[in-house]
Each structure stands twice: as C-alpha cells, then as structure tokens.
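Coordinates as given in entry10.cif (mmCIF, C-alpha atoms and all ligand atoms):
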data_start
#
loop_
_atom_site.label_atom_id
_atom_site.label_comp_id
_atom_site.auth_asym_id
_atom_site.auth_seq_id
_atom_site.Cartn_x
_atom_site.Cartn_y
_atom_site.Cartn_z
CA MET A 22 -121.21 133.39 -85.20
CA ASN A 23 -121.20 129.60 -85.11
CA LYS A 24 -118.01 127.87 -86.11
CA PRO A 25 -118.33 125.44 -89.03
CA ASN A 26 -119.43 121.96 -87.99
CA HIS A 27 -120.22 123.19 -84.48
CA SER A 28 -123.58 122.16 -83.07
CA GLU A 29 -125.14 122.05 -79.65
CA VAL A 30 -125.38 118.27 -79.47
CA ILE A 31 -123.86 115.38 -81.42
CA VAL A 32 -125.60 112.01 -81.23
CA LEU A 33 -123.26 109.07 -81.92
CA GLY A 34 -125.31 106.16 -83.32
CA LEU A 35 -128.83 106.46 -84.75
CA GLY A 36 -130.45 103.17 -83.81
CA ALA A 37 -133.47 102.99 -81.52
CA MET A 38 -132.07 105.26 -78.82
CA GLY A 39 -130.03 107.71 -80.90
CA SER A 40 -132.83 108.36 -83.40
CA ALA A 41 -135.16 109.13 -80.47
CA ALA A 42 -132.59 111.43 -78.82
CA ALA A 43 -132.04 113.33 -82.08
CA TYR A 44 -135.81 113.72 -82.46
CA HIS A 45 -136.37 115.09 -78.94
CA LEU A 46 -133.45 117.51 -79.20
CA ALA A 47 -134.50 118.81 -82.61
CA ARG A 48 -138.09 119.18 -81.42
CA ARG A 49 -136.77 121.42 -78.66
CA GLY A 50 -135.21 123.62 -81.34
CA ARG A 51 -131.63 122.52 -80.60
CA ARG A 52 -128.97 122.29 -83.30
CA VAL A 53 -128.23 118.59 -83.41
CA VAL A 54 -126.03 116.44 -85.62
CA GLY A 55 -126.60 112.69 -85.65
CA ILE A 56 -123.90 110.35 -86.98
CA GLU A 57 -124.60 106.76 -88.04
CA GLN A 58 -122.17 104.28 -89.61
CA PHE A 59 -124.87 102.41 -91.57
CA THR A 60 -128.12 103.31 -93.38
CA PRO A 61 -131.38 104.41 -91.66
CA ALA A 62 -133.07 101.52 -89.80
CA HIS A 63 -130.40 99.03 -90.95
CA ASP A 64 -130.30 95.38 -89.86
CA ARG A 65 -126.80 95.07 -88.39
CA GLY A 66 -127.34 96.28 -84.82
CA ALA A 67 -130.11 95.76 -82.29
CA SER A 68 -133.20 97.47 -83.72
CA HIS A 69 -134.39 95.40 -86.68
CA GLY A 70 -136.54 92.30 -87.16
CA ARG A 71 -140.03 93.66 -87.93
CA SER A 72 -141.49 93.42 -84.43
CA ARG A 73 -140.77 94.24 -80.79
CA ILE A 74 -142.88 93.55 -77.72
CA ILE A 75 -144.16 96.46 -75.68
CA ARG A 76 -145.69 95.58 -72.29
CA GLU A 77 -146.51 97.30 -69.05
CA ALA A 78 -146.59 94.75 -66.16
CA TYR A 79 -142.82 94.72 -66.24
CA PHE A 80 -141.41 91.53 -64.72
CA GLU A 81 -137.83 92.82 -64.71
CA HIS A 82 -138.51 95.54 -62.08
CA PRO A 83 -141.48 97.73 -61.07
CA ASP A 84 -139.40 100.91 -61.53
CA TYR A 85 -139.76 100.50 -65.30
CA VAL A 86 -143.54 100.98 -65.19
CA PRO A 87 -143.69 104.81 -65.05
CA LEU A 88 -141.16 104.91 -67.90
CA ILE A 89 -143.15 102.55 -70.09
CA GLN A 90 -146.29 104.58 -69.42
CA ARG A 91 -144.57 107.70 -70.74
CA ALA A 92 -143.12 105.65 -73.63
CA TYR A 93 -146.66 104.66 -74.71
CA GLU A 94 -147.72 108.31 -74.83
CA LEU A 95 -144.69 109.26 -76.89
CA TRP A 96 -145.09 106.35 -79.35
CA GLU A 97 -148.72 107.37 -79.87
CA THR A 98 -147.74 110.99 -80.52
CA LEU A 99 -145.04 109.90 -82.96
CA GLN A 100 -147.50 107.61 -84.75
CA LYS A 101 -149.98 110.47 -85.16
CA GLU A 102 -147.31 112.84 -86.49
CA GLY A 103 -145.75 110.42 -88.94
CA GLY A 104 -148.87 108.74 -90.25
CA SER A 105 -147.43 105.21 -90.43
CA ARG A 106 -148.42 102.49 -88.00
CA LEU A 107 -145.93 102.02 -85.18
CA LEU A 108 -147.93 100.13 -82.56
CA LEU A 109 -150.44 97.27 -82.73
CA PRO A 110 -152.16 96.49 -79.40
CA THR A 111 -152.73 92.76 -78.94
CA GLY A 112 -152.63 92.27 -75.18
CA GLY A 113 -149.87 90.16 -73.65
CA LEU A 114 -149.35 86.91 -71.75
CA MET A 115 -146.51 86.22 -69.33
CA ILE A 116 -146.69 82.41 -69.14
CA GLY A 117 -144.90 80.09 -66.71
CA PRO A 118 -144.85 78.45 -63.31
CA GLU A 119 -146.83 80.47 -60.78
CA ASP A 120 -143.79 80.98 -58.55
CA GLY A 121 -141.42 81.67 -61.47
CA VAL A 122 -139.60 84.98 -62.02
CA LEU A 123 -141.74 85.90 -65.01
CA VAL A 124 -145.18 85.46 -63.46
CA GLN A 125 -144.15 86.73 -60.02
CA GLY A 126 -142.33 89.73 -61.48
CA ALA A 127 -145.27 90.69 -63.71
CA LEU A 128 -147.69 90.34 -60.77
CA THR A 129 -145.49 92.52 -58.55
CA SER A 130 -145.39 95.34 -61.11
CA ALA A 131 -149.11 95.03 -61.87
CA ARG A 132 -150.10 95.17 -58.18
CA MET A 133 -147.65 97.87 -57.19
CA HIS A 134 -148.77 100.15 -60.02
CA ASP A 135 -152.42 99.12 -59.98
CA LEU A 136 -152.36 97.92 -63.59
CA ARG A 137 -155.24 96.06 -65.18
CA HIS A 138 -154.37 92.38 -65.31
CA ASP A 139 -155.71 88.84 -64.79
CA LEU A 140 -154.07 85.67 -63.55
CA LEU A 141 -155.22 82.90 -65.91
CA ARG A 142 -155.06 79.18 -65.04
CA SER A 143 -154.23 76.39 -67.49
CA ALA A 144 -157.84 75.48 -68.33
CA GLU A 145 -158.66 79.04 -69.29
CA LEU A 146 -155.43 79.44 -71.24
CA ARG A 147 -156.29 76.34 -73.29
CA ARG A 148 -159.85 77.54 -73.87
CA ARG A 149 -158.94 81.06 -74.95
CA PHE A 150 -155.63 80.60 -76.76
CA GLY A 151 -155.72 77.61 -79.08
CA ALA A 152 -152.10 78.12 -80.18
CA LEU A 153 -150.71 77.47 -76.68
CA SER A 154 -149.85 74.18 -75.05
CA VAL A 155 -149.54 74.42 -71.24
CA ASP A 156 -149.01 72.02 -68.33
CA ASP A 157 -151.73 71.83 -65.69
CA ASP A 158 -149.70 73.91 -63.25
CA THR A 159 -148.75 76.61 -65.77
CA VAL A 160 -150.41 80.01 -65.33
CA ALA A 161 -150.19 83.34 -67.13
CA VAL A 162 -150.52 87.01 -66.32
CA TRP A 163 -152.70 88.63 -68.96
CA GLU A 164 -152.24 92.35 -69.55
CA PRO A 165 -154.40 94.32 -71.97
CA ARG A 166 -152.02 97.11 -73.03
CA ALA A 167 -149.21 94.96 -74.41
CA GLY A 168 -148.66 94.77 -78.14
CA VAL A 169 -146.31 94.96 -81.09
CA LEU A 170 -144.04 97.84 -82.07
CA PHE A 171 -142.71 97.93 -85.63
CA PRO A 172 -139.06 98.76 -84.99
CA GLU A 173 -137.89 99.85 -88.44
CA SER A 174 -140.90 102.16 -88.77
CA CYS A 175 -140.25 103.55 -85.27
CA VAL A 176 -136.60 104.36 -86.04
CA LEU A 177 -137.54 105.93 -89.39
CA ALA A 178 -140.32 107.99 -87.78
CA HIS A 179 -137.88 109.39 -85.21
CA LEU A 180 -135.28 110.13 -87.91
CA ARG A 181 -137.85 111.83 -90.17
CA GLY A 182 -139.25 113.82 -87.27
CA ALA A 183 -135.72 114.91 -86.31
CA THR A 184 -134.94 116.00 -89.87
CA ARG A 185 -138.23 117.90 -90.15
CA SER A 186 -137.24 119.84 -87.04
CA GLY A 187 -133.84 120.73 -88.48
CA ALA A 188 -131.51 117.95 -87.31
CA VAL A 189 -128.60 117.16 -89.61
CA LEU A 190 -128.17 113.40 -89.99
CA LYS A 191 -124.94 112.00 -91.36
CA MET A 192 -125.54 108.47 -92.56
CA GLU A 193 -122.88 105.93 -93.57
CA GLU A 194 -120.26 107.84 -91.65
CA ARG A 195 -118.33 106.16 -88.88
CA VAL A 196 -117.09 107.83 -85.70
CA LEU A 197 -113.44 106.90 -85.16
CA SER A 198 -112.77 108.79 -81.94
CA TRP A 199 -114.05 111.56 -79.69
CA GLU A 200 -112.61 113.74 -76.99
CA ALA A 201 -114.12 116.10 -74.45
CA GLU A 202 -112.16 119.11 -73.29
CA GLY A 203 -112.96 122.50 -71.82
CA GLY A 204 -116.74 122.23 -72.10
CA SER A 205 -116.77 121.10 -75.71
CA VAL A 206 -116.46 117.80 -77.55
CA GLN A 207 -114.65 116.94 -80.77
CA VAL A 208 -115.76 114.00 -82.86
CA HIS A 209 -113.63 112.54 -85.67
CA THR A 210 -115.25 110.37 -88.31
CA ASP A 211 -113.96 108.59 -91.41
CA LYS A 212 -115.17 111.62 -93.43
CA ASP A 213 -115.02 114.77 -91.33
CA GLN A 214 -114.74 116.25 -87.86
CA TYR A 215 -117.34 117.93 -85.72
CA ALA A 216 -117.50 119.93 -82.52
CA ALA A 217 -120.38 120.40 -80.11
CA ASP A 218 -121.23 121.49 -76.60
CA HIS A 219 -122.50 118.03 -75.77
CA LEU A 220 -122.12 114.43 -76.96
CA ILE A 221 -124.68 111.64 -76.54
CA ILE A 222 -123.32 108.12 -77.07
CA THR A 223 -125.98 105.64 -78.16
CA ALA A 224 -123.78 103.09 -79.92
CA GLY A 225 -125.72 99.92 -79.01
CA PRO A 226 -123.52 96.81 -79.32
CA TRP A 227 -120.59 99.06 -80.30
CA ALA A 228 -120.80 101.02 -77.01
CA GLY A 229 -117.97 99.06 -75.38
CA GLY A 230 -115.66 100.17 -78.22
CA ALA A 231 -116.72 103.84 -78.01
CA LEU A 232 -116.22 103.79 -74.24
CA THR A 233 -113.25 101.45 -73.74
CA HIS A 234 -111.68 103.75 -71.14
CA LEU A 235 -114.66 103.21 -68.81
CA GLY A 236 -114.28 99.44 -68.73
CA LEU A 237 -118.05 98.95 -68.60
CA PRO A 238 -118.97 95.31 -67.97
CA LEU A 239 -120.95 94.88 -71.21
CA GLN A 240 -121.36 91.59 -73.04
CA VAL A 241 -122.74 91.36 -76.54
CA GLU A 242 -124.95 88.33 -77.19
CA ARG A 243 -126.10 86.90 -80.52
CA ASN A 244 -129.82 86.18 -80.70
CA VAL A 245 -131.74 84.59 -83.56
CA MET A 246 -135.31 85.40 -84.64
CA TYR A 247 -137.30 82.67 -86.42
CA TRP A 248 -140.41 83.08 -88.57
CA PHE A 249 -142.40 79.83 -88.91
CA GLN A 250 -145.53 79.20 -90.93
CA PRO A 251 -148.29 78.13 -88.49
CA ALA A 252 -150.24 75.01 -89.44
CA ASP A 253 -153.51 76.79 -88.63
CA ALA A 254 -152.99 80.49 -89.34
CA ALA A 255 -156.31 81.45 -87.70
CA LEU A 256 -154.96 80.44 -84.26
CA PHE A 257 -152.04 82.84 -84.74
CA ALA A 258 -154.07 85.87 -85.84
CA PRO A 259 -153.57 88.97 -83.62
CA ASP A 260 -157.12 88.68 -82.26
CA ARG A 261 -156.51 85.06 -81.19
CA LEU A 262 -152.93 85.15 -79.91
CA PRO A 263 -151.41 88.14 -78.09
CA VAL A 264 -147.68 88.76 -77.73
CA TYR A 265 -146.24 86.41 -75.13
CA ILE A 266 -143.20 85.46 -73.08
CA TYR A 267 -143.10 81.83 -72.04
CA GLU A 268 -140.90 80.53 -69.19
CA TYR A 269 -140.85 76.98 -70.58
CA ARG A 270 -138.19 75.81 -68.14
CA ARG A 271 -137.12 77.56 -64.92
CA GLY A 272 -135.16 80.62 -65.96
CA ALA A 273 -135.41 79.83 -69.72
CA PHE A 274 -137.66 81.94 -71.94
CA ILE A 275 -138.98 82.11 -75.45
CA TYR A 276 -141.17 84.96 -76.63
CA GLY A 277 -143.20 85.57 -79.72
CA PHE A 278 -145.85 87.33 -81.69
CA PRO A 279 -149.04 86.59 -83.53
CA GLN A 280 -148.76 86.52 -87.31
CA VAL A 281 -148.66 90.22 -88.22
CA GLY A 282 -147.38 90.13 -91.79
CA ARG A 283 -147.49 87.47 -94.45
CA ASP A 284 -144.25 85.90 -93.25
CA GLY A 285 -145.46 83.56 -90.56
CA ALA A 286 -145.23 84.10 -86.81
CA LYS A 287 -141.98 85.20 -85.18
CA VAL A 288 -140.53 83.42 -82.14
CA ALA A 289 -137.14 83.68 -80.40
CA HIS A 290 -135.16 82.78 -77.31
CA HIS A 291 -134.77 85.55 -74.77
CA HIS A 292 -130.99 85.14 -74.19
CA SER A 293 -129.20 82.54 -76.26
CA GLY A 294 -126.03 82.58 -74.20
CA GLU A 295 -123.84 82.91 -77.32
CA LEU A 296 -121.47 85.84 -76.85
CA CYS A 297 -120.21 87.67 -79.93
CA ALA A 298 -118.73 90.94 -81.18
CA PRO A 299 -120.52 93.27 -83.60
CA GLU A 300 -117.64 92.99 -86.10
CA THR A 301 -117.60 89.19 -86.21
CA ILE A 302 -121.11 88.01 -85.25
CA ARG A 303 -122.14 84.76 -86.97
CA ARG A 304 -125.09 85.70 -89.20
CA ASP A 305 -125.93 82.24 -90.50
CA VAL A 306 -128.31 80.06 -88.51
CA SER A 307 -127.41 76.38 -88.17
CA PRO A 308 -129.83 73.47 -88.68
CA GLU A 309 -129.13 72.45 -85.05
CA GLU A 310 -130.39 75.81 -83.82
CA VAL A 311 -133.58 75.43 -85.82
CA THR A 312 -134.11 71.91 -84.46
CA ARG A 313 -133.62 73.14 -80.90
CA MET A 314 -136.26 75.81 -81.39
CA ARG A 315 -138.69 73.33 -83.00
CA ASP A 316 -138.22 70.98 -80.00
CA ILE A 317 -139.23 73.74 -77.60
CA LEU A 318 -142.22 74.70 -79.75
CA THR A 319 -143.50 71.11 -79.66
CA HIS A 320 -144.23 71.63 -75.97
CA THR A 321 -145.26 75.28 -76.01
CA LEU A 322 -146.81 76.27 -79.38
CA PRO A 323 -147.15 72.97 -81.23
CA GLY A 324 -148.99 74.57 -84.17
CA LEU A 325 -145.92 76.61 -85.07
CA ASN A 326 -144.38 73.64 -86.88
CA GLY A 327 -144.68 74.65 -90.53
CA GLU A 328 -142.02 75.84 -92.90
CA LEU A 329 -139.22 78.05 -91.58
CA LEU A 330 -139.77 81.16 -93.71
CA HIS A 331 -137.06 83.48 -92.49
CA THR A 332 -134.39 84.00 -89.81
CA ALA A 333 -132.40 87.03 -88.68
CA THR A 334 -129.69 87.64 -86.10
CA CYS A 335 -129.60 90.58 -83.71
CA MET A 336 -127.44 91.60 -80.75
CA TYR A 337 -128.27 92.16 -77.09
CA THR A 338 -125.83 94.35 -75.13
CA ASN A 339 -126.07 92.91 -71.63
CA THR A 340 -125.15 94.40 -68.27
CA PRO A 341 -124.48 92.06 -65.30
CA ASP A 342 -127.86 92.86 -63.68
CA GLY A 343 -129.87 93.21 -66.90
CA HIS A 344 -130.74 96.85 -66.20
CA PHE A 345 -129.92 99.70 -68.58
CA ILE A 346 -127.11 102.24 -68.32
CA ILE A 347 -128.38 105.82 -68.75
CA ASP A 348 -126.07 108.32 -67.14
CA ARG A 349 -123.63 111.13 -67.56
CA HIS A 350 -120.04 110.22 -68.24
CA PRO A 351 -118.21 110.03 -64.86
CA SER A 352 -115.44 112.43 -65.94
CA HIS A 353 -117.15 114.56 -68.62
CA ALA A 354 -120.37 116.27 -67.58
CA ASN A 355 -121.11 117.10 -71.23
CA VAL A 356 -121.09 113.47 -72.39
CA THR A 357 -124.21 111.38 -71.83
CA ILE A 358 -124.31 107.62 -72.29
CA ALA A 359 -127.17 105.19 -72.94
CA CYS A 360 -126.29 101.54 -73.51
CA GLY A 361 -126.55 98.07 -72.03
CA PHE A 362 -130.22 97.69 -72.88
CA SER A 363 -129.86 93.95 -72.25
CA GLY A 364 -132.38 92.80 -74.84
CA HIS A 365 -135.38 94.71 -73.55
CA GLY A 366 -134.79 98.34 -74.45
CA PHE A 367 -136.73 98.94 -77.63
CA LYS A 368 -140.13 99.64 -76.09
CA PHE A 369 -138.52 102.43 -74.01
CA ALA A 370 -136.71 104.15 -76.91
CA SER A 371 -139.24 106.97 -77.14
CA VAL A 372 -138.88 107.90 -73.47
CA VAL A 373 -135.11 107.27 -73.48
CA GLY A 374 -134.89 109.92 -76.23
CA GLU A 375 -136.70 112.36 -73.97
CA ILE A 376 -134.47 111.47 -71.01
CA LEU A 377 -131.28 111.90 -73.05
CA ALA A 378 -132.42 115.27 -74.40
CA GLU A 379 -133.14 116.46 -70.86
CA LEU A 380 -129.84 115.15 -69.48
CA ALA A 381 -127.87 116.79 -72.27
CA LEU A 382 -129.64 120.14 -72.06
CA TYR A 383 -130.33 120.53 -68.33
CA GLY A 384 -128.08 118.02 -66.60
CA HIS A 385 -131.06 116.24 -65.03
CA THR A 386 -134.31 114.60 -66.06
CA ARG A 387 -137.81 114.52 -64.60
CA HIS A 388 -137.87 110.73 -65.11
CA PRO A 389 -136.83 108.19 -62.46
CA ILE A 390 -133.57 106.66 -63.73
CA GLU A 391 -131.74 105.80 -60.47
CA LEU A 392 -131.80 102.12 -61.45
CA PHE A 393 -129.62 102.90 -64.49
CA GLN A 394 -126.68 104.66 -62.83
CA MET A 395 -123.29 103.63 -64.06
CA ASN A 396 -121.55 103.68 -60.68
CA ARG A 397 -123.38 100.52 -59.64
CA PHE A 398 -120.60 98.70 -61.48
CA GLY A 399 -117.85 100.84 -60.01
CA ALA A 400 -117.00 102.21 -63.48
CA ARG A 401 -113.61 103.87 -63.71
CA ALA A 402 -113.84 107.65 -63.69
C1 LIG B 1 -133.53 89.67 -81.28
C2 LIG B 1 -133.88 90.86 -80.45
C3 LIG B 1 -135.15 90.96 -79.94
C4 LIG B 1 -135.51 92.02 -79.11
N1 LIG B 1 -136.79 92.11 -78.67
C5 LIG B 1 -137.17 93.17 -77.93
C6 LIG B 1 -138.52 93.34 -77.58
O1 LIG B 1 -139.39 92.54 -77.96
N2 LIG B 1 -138.87 94.43 -76.86
C7 LIG B 1 -137.94 95.35 -76.47
O2 LIG B 1 -138.33 96.31 -75.81
N3 LIG B 1 -136.64 95.23 -76.80
C8 LIG B 1 -136.25 94.17 -77.53
N4 LIG B 1 -134.95 94.03 -77.93
C9 LIG B 1 -133.94 95.00 -77.45
C10 LIG B 1 -133.95 96.29 -78.22
O3 LIG B 1 -134.20 96.06 -79.58
C11 LIG B 1 -132.63 97.00 -77.97
O4 LIG B 1 -132.48 97.19 -76.58
C12 LIG B 1 -132.57 98.34 -78.66
O5 LIG B 1 -132.93 98.22 -80.01
C13 LIG B 1 -131.17 98.92 -78.52
O6 LIG B 1 -131.10 100.13 -79.24
P1 LIG B 1 -129.72 100.93 -79.35
O7 LIG B 1 -130.06 102.22 -79.98
O8 LIG B 1 -129.03 100.91 -78.05
O9 LIG B 1 -128.81 100.05 -80.33
P2 LIG B 1 -128.81 100.04 -81.97
O10 LIG B 1 -130.18 100.12 -82.48
O11 LIG B 1 -127.93 98.93 -82.41
O12 LIG B 1 -128.12 101.41 -82.32
C14 LIG B 1 -126.77 101.69 -82.17
C15 LIG B 1 -126.36 102.42 -83.43
O13 LIG B 1 -125.09 103.02 -83.27
C16 LIG B 1 -124.43 102.93 -84.51
N5 LIG B 1 -122.99 103.07 -84.25
C17 LIG B 1 -122.27 102.35 -83.35
N6 LIG B 1 -120.98 102.75 -83.36
C18 LIG B 1 -120.88 103.73 -84.28
C19 LIG B 1 -119.81 104.53 -84.75
N7 LIG B 1 -118.55 104.38 -84.30
N8 LIG B 1 -120.06 105.46 -85.69
C20 LIG B 1 -121.33 105.63 -86.18
N9 LIG B 1 -122.37 104.88 -85.77
C21 LIG B 1 -122.17 103.95 -84.84
C22 LIG B 1 -124.81 101.55 -85.01
O14 LIG B 1 -124.59 101.37 -86.38
C23 LIG B 1 -126.27 101.49 -84.63
O15 LIG B 1 -127.11 101.96 -85.67
C24 LIG B 1 -134.56 93.00 -78.77
C25 LIG B 1 -133.27 92.93 -79.31
C26 LIG B 1 -132.94 91.87 -80.16
C27 LIG B 1 -131.56 91.82 -80.71
#

Now that the file is in, can you turn its structure into structure tokens?
Ligand SMILES: Cc1cc2nc3c(=O)[nH]c(=O)nc-3n(C[C@H](O)[C@H](O)[C@H](O)COP(=O)(O)OP(=O)(O)OC[C@H]3O[C@@H](n4cnc5c(N)ncnc54)[C@H](O)[C@@H]3O)c2cc1C
Amino acid sequence: MNKPNHSEVIVLGLGAMGSAAAYHLARRGRRVVGIEQFTPAHDRGASHGRSRIIREAYFEHPDYVPLIQRAYELWETLQKEGGSRLLLPTGGLMIGPEDGVLVQGALTSARMHDLRHDLLRSAELRRRFGALSVDDDTVAVWEPRAGVLFPESCVLAHLRGATRSGAVLKMEERVLSWEAEGGSVQVHTDKDQYAADHLIITAGPWAGGALTHLGLPLQVERNVMYWFQPADAALFAPDRLPVYIYEYRRGAFIYGFPQVGRDGAKVAHHHSGELCAPETIRRDVSPEEVTRMRDILTHTLPGLNGELLHTATCMYTNTPDGHFIIDRHPSHANVTIACGFSGHGFKFASVVGEILAELALYGHTRHPIELFQMNRFGARA
C-alpha cells in the first residue's frame, strides 16, 4: 500500500518547465505531485507577459535545433488537446550586421540543419516590412516557422492536461526544504510534507535558493516588457510584421512582436544588465527606462512611438555561457534539475517537460542535452 503523501515524482515549481514536466509524467500514468508557491500562470516569475518568441534557426547554438523541432510538435499536440490557441505562426526576422552574432548564428543553424530561410538585404527589408528602419548595411535572416507562443495559455494547458491525467497540483504552497536519502526524497512545505521516489526542481529564478549547496553560478536579471501603441497599426499587424530580434548595436538586442491583442505591440531588451533577486525585484518602471527604449525605437521601429499602454517586469536566470542547465543532481541520482534558462527557455518548455519526465523515470533521455550538463561549471558534488 502507498504511504500517505507518497508519490512517484514531486515537481517543485509549476512555471513553464514544471507544468510541462508534470504533464508529461501524468500522461505516462505516473503518480505526480506538483507544488507551486503562487497561483497558476502567475506573473511573478519568468513565464508571463502575453507573448514569447518561438524560432527555429537558433542563433545561440545549432544543437538547439532538434530540440525546438520536437518542441513544435509537442506544442501543436497540446494545442489540439486543450482547444485554446497556444501558437501563432508569423515568420521571424533576425536583423543586424551581416557579420554580427545574431545573423551569423542564425545562418549557421539554418545551413547546418537545412532549414528554410532567406537572407534579406536592406532594400528588401524596407520594401516588405514598413515598420522597420534599417541602415544600408543591415541584413536579416528570414525564417518561416517562427511565431508567437501565448505563455499563460501554454502553462495553463500543461497544468490542465496534467490534472486530467491524475496529477495532484498544490497551488499557493511554498517548499521550504527538501532532502534526498536512501532512494527517496522528502519535501517540506509551509503547509505539509511529502515523500516521493524522485524530485524534479524547476524553480526558475528561485533555483539558486533551492540548490544553494551546489553553488551554481546563476544570476537573476530584471527585464522589462513595453507595450506601445503603433502610429500606424496596419504596419504592425501579424501579416505585415513577423516576430523579430534586432541587433541594433554590436552585441545589444531588442526583440518584439506584431500587435497580437488590443494592447499595442510588445518590445523589450534582450538582457538589461540589471541584476536582482526574486524577493526584492523592482517592479516599477522608471521614466528614464521608457525614454531609453523610445530612443532605440526611433532608429529601429520608428512607428512604435505612440502611447505606452502597459509595462511588466520578468526575470531571466542566467548561466555564464547562456546555455540551460538540465541534469541530474551530482550527488542524488533521484533529483533532476532544470534551471538557468537565460532568457530563452520558454519555447522549449514542451520538450523540456518530456526530457525531465524521461530523466526522472529512466535516468536518461532520447534527446541531445550534452550542452546543458551541470559539470561544465565544476558544480560542487
Ligand atoms: C521578459 C522575458 C521575455 C522572455 N522572452 C522569451 C521568448 O521570447 N522566448 C523564449 O523562448 N523565452 C523567453 N523568455 C524566457 C522564458 O520565459 C524562461 O526561460 C522560462 O519561462 C523559464 O521557466 P521556468 O519554469 O524555469 O521558470 P518560472 O516560470 O519562473 O517557474 C518557476 C516556478 O517555480 C515556483 N517556485 C520557485 N520556488 C518555489 C518554492 N520554494 N516553492 C514552490 N514554488 C516555487 C515559482 O513560483 C515559479 O512559478 C523570456 C523571459 C522573460 C523574463
């Protein structure tokens, strides 16, 4: 007989990654308990803000391409099951100097994996995308499969799917500590305690706190999202402007979306440089920050100069090399960790859920995750 509060797997944190892990475990018929300190699809971590880019010609590293291809399949399956829209294809533009990291990285992935793409010059960019302002020597890699994911709907779809398959989800309950001993794990929360054969830690910006003993080199970074009213809304419609990343200065990026709701078009810096902690992050946005963004838009998307309709803050959890951490705990084989998504993890959440379920249940995964090993930082075991 099962002991009370004993399950096969506990998932600590039900944001993008934890909700997906709970879903994939429950779908495999496993007894899973998910524990989340806030409400479903809340706005205090890393997985809110109405839109996320999904793209395939991955400038960060070509090894991500097979993972994103599986992620697309899984998002589409989840969308069919749940009935609400999760993904809007728009195509994507990686804009910048031809020899810059963004354009060169996207080209490398596209060529290595034989992805459909075009290299567009400035004249063509101006002709086709009226919202963009580009210098004569600016180019862009166009990719057809990129688009928008709706993050809150994605997290809710995973949570609902998990519950439908029997997962028990404890919301507004905070994990205070955990320990692994003799092939089982104990988890203490502010309300109860639980035991399981396996623990998956998907705590997002709180991961450093849940894993202090490992001394992982994680840095949490505050990032602001801005929604501006475009002067000419037609130029920002999804059939006129795809999702984009724009290297507007060497090594400095903004990214954005067409207007998908009624609240203007969203734009943001990719990496603000402002470090923070999840407990004390500054949620207000200063007038100086808004002015800085407007200055950049003058040279990149000059039509995005209308009223500022909305802002929101969100946290990146950065690793030193910008690649994820997905691995087993170095001293506890029954604890699996996924964190350090460095501001580009959301699009992969569906496949990360599958990877975490496989790692927890079988100790290995069919997916290539060598890039994400923890020992690249010499983590303490
Ligand atoms: C502004 C911004 C823009 C982004 N844009 C993109 C993009 O366009 N494309 C893309 O692919 N990625 C993007 N990302 C990155 C992506 O959103 C993140 O990598 C991803 O959401 C991380 O998910 P997570 O599950 O690790 O973290 P989270 O979603 O934050 O989940 C962690 C969860 O753990 C819970 N938790 C933590 N500690 C405890 C505890 N002790 N007890 C109980 N619960 C706990 C938290 O409450 C939280 O719900 C962006 C991120 C930001 C901030």

Name each residue within 7 Å of ligand LIG 1 (chain B), counting all atoms listed in the file, as a ChimeraX atom specification. /A:33-39,56-59,63,65-68,72-75,194-197,223-228,231,244-246,334-337,359-360,362-369

I'd like the neighbourhood of Val311 in chain A as a count of residues only, where a residue qualifies if any of its atoms comes within 10 Å (using all atoms listed in the file), though same-chain residues fewer than 3 positions away should be ignored. 10

Given only C-alpha atoms as the counted atoms, nearest of A:Asp284, A:Glu310, A:Glu29, A:Glu268 to Ala217 in chain A: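 Closest to Ala217 in chain A, using only C-alpha atoms: A:Glu29.
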
Excluding same-chain residues fewer than 5 positions from Ala273 in chain A, what lies within 9 Å of it counting all atoms listed in the file, as a PyMOL selection string? chain A and resi 267-268+290-292

Dump of C-alpha atoms for the selected residues, as a compact mmCIF listing (two decimals), in the frame of the given file:
# COMPACT_ATOMS: atom_id res chain seq x y z
CA TYR A 267 -143.10 81.83 -72.04
CA GLU A 268 -140.90 80.53 -69.19
CA HIS A 290 -135.16 82.78 -77.31
CA HIS A 291 -134.77 85.55 -74.77
CA HIS A 292 -130.99 85.14 -74.19

Calculate how many Å separate CA of Leu136 in chain A from CA of Thr386 in chain A, rounding to one decimal. 24.7 Å

What is the CA of Thr233 in chain A-CA of Ala333 in chain A distance in Å, reported with one decimal?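 Computing the Euclidean distance for CA of Thr233 in chain A and CA of Ala333 in chain A yields 28.2 Å.
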
I'd like a table as CSV: residues in range 51-122 of chain A with an atom no more than 6 Å from range 172-179 of chain A, each row giving the shortest atom pair and its distance in Å to one decimal, only C-alpha atoms counted, sorted by chain and rising residue number.
residue,atom,partner,partner_atom,distance
A:Ala62,CA,A:Glu173,CA,5.3
A:His69,CA,A:Glu173,CA,5.9
A:Arg71,CA,A:Pro172,CA,6.0
A:Ser72,CA,A:Pro172,CA,5.9
A:Leu107,CA,A:Cys175,CA,5.9
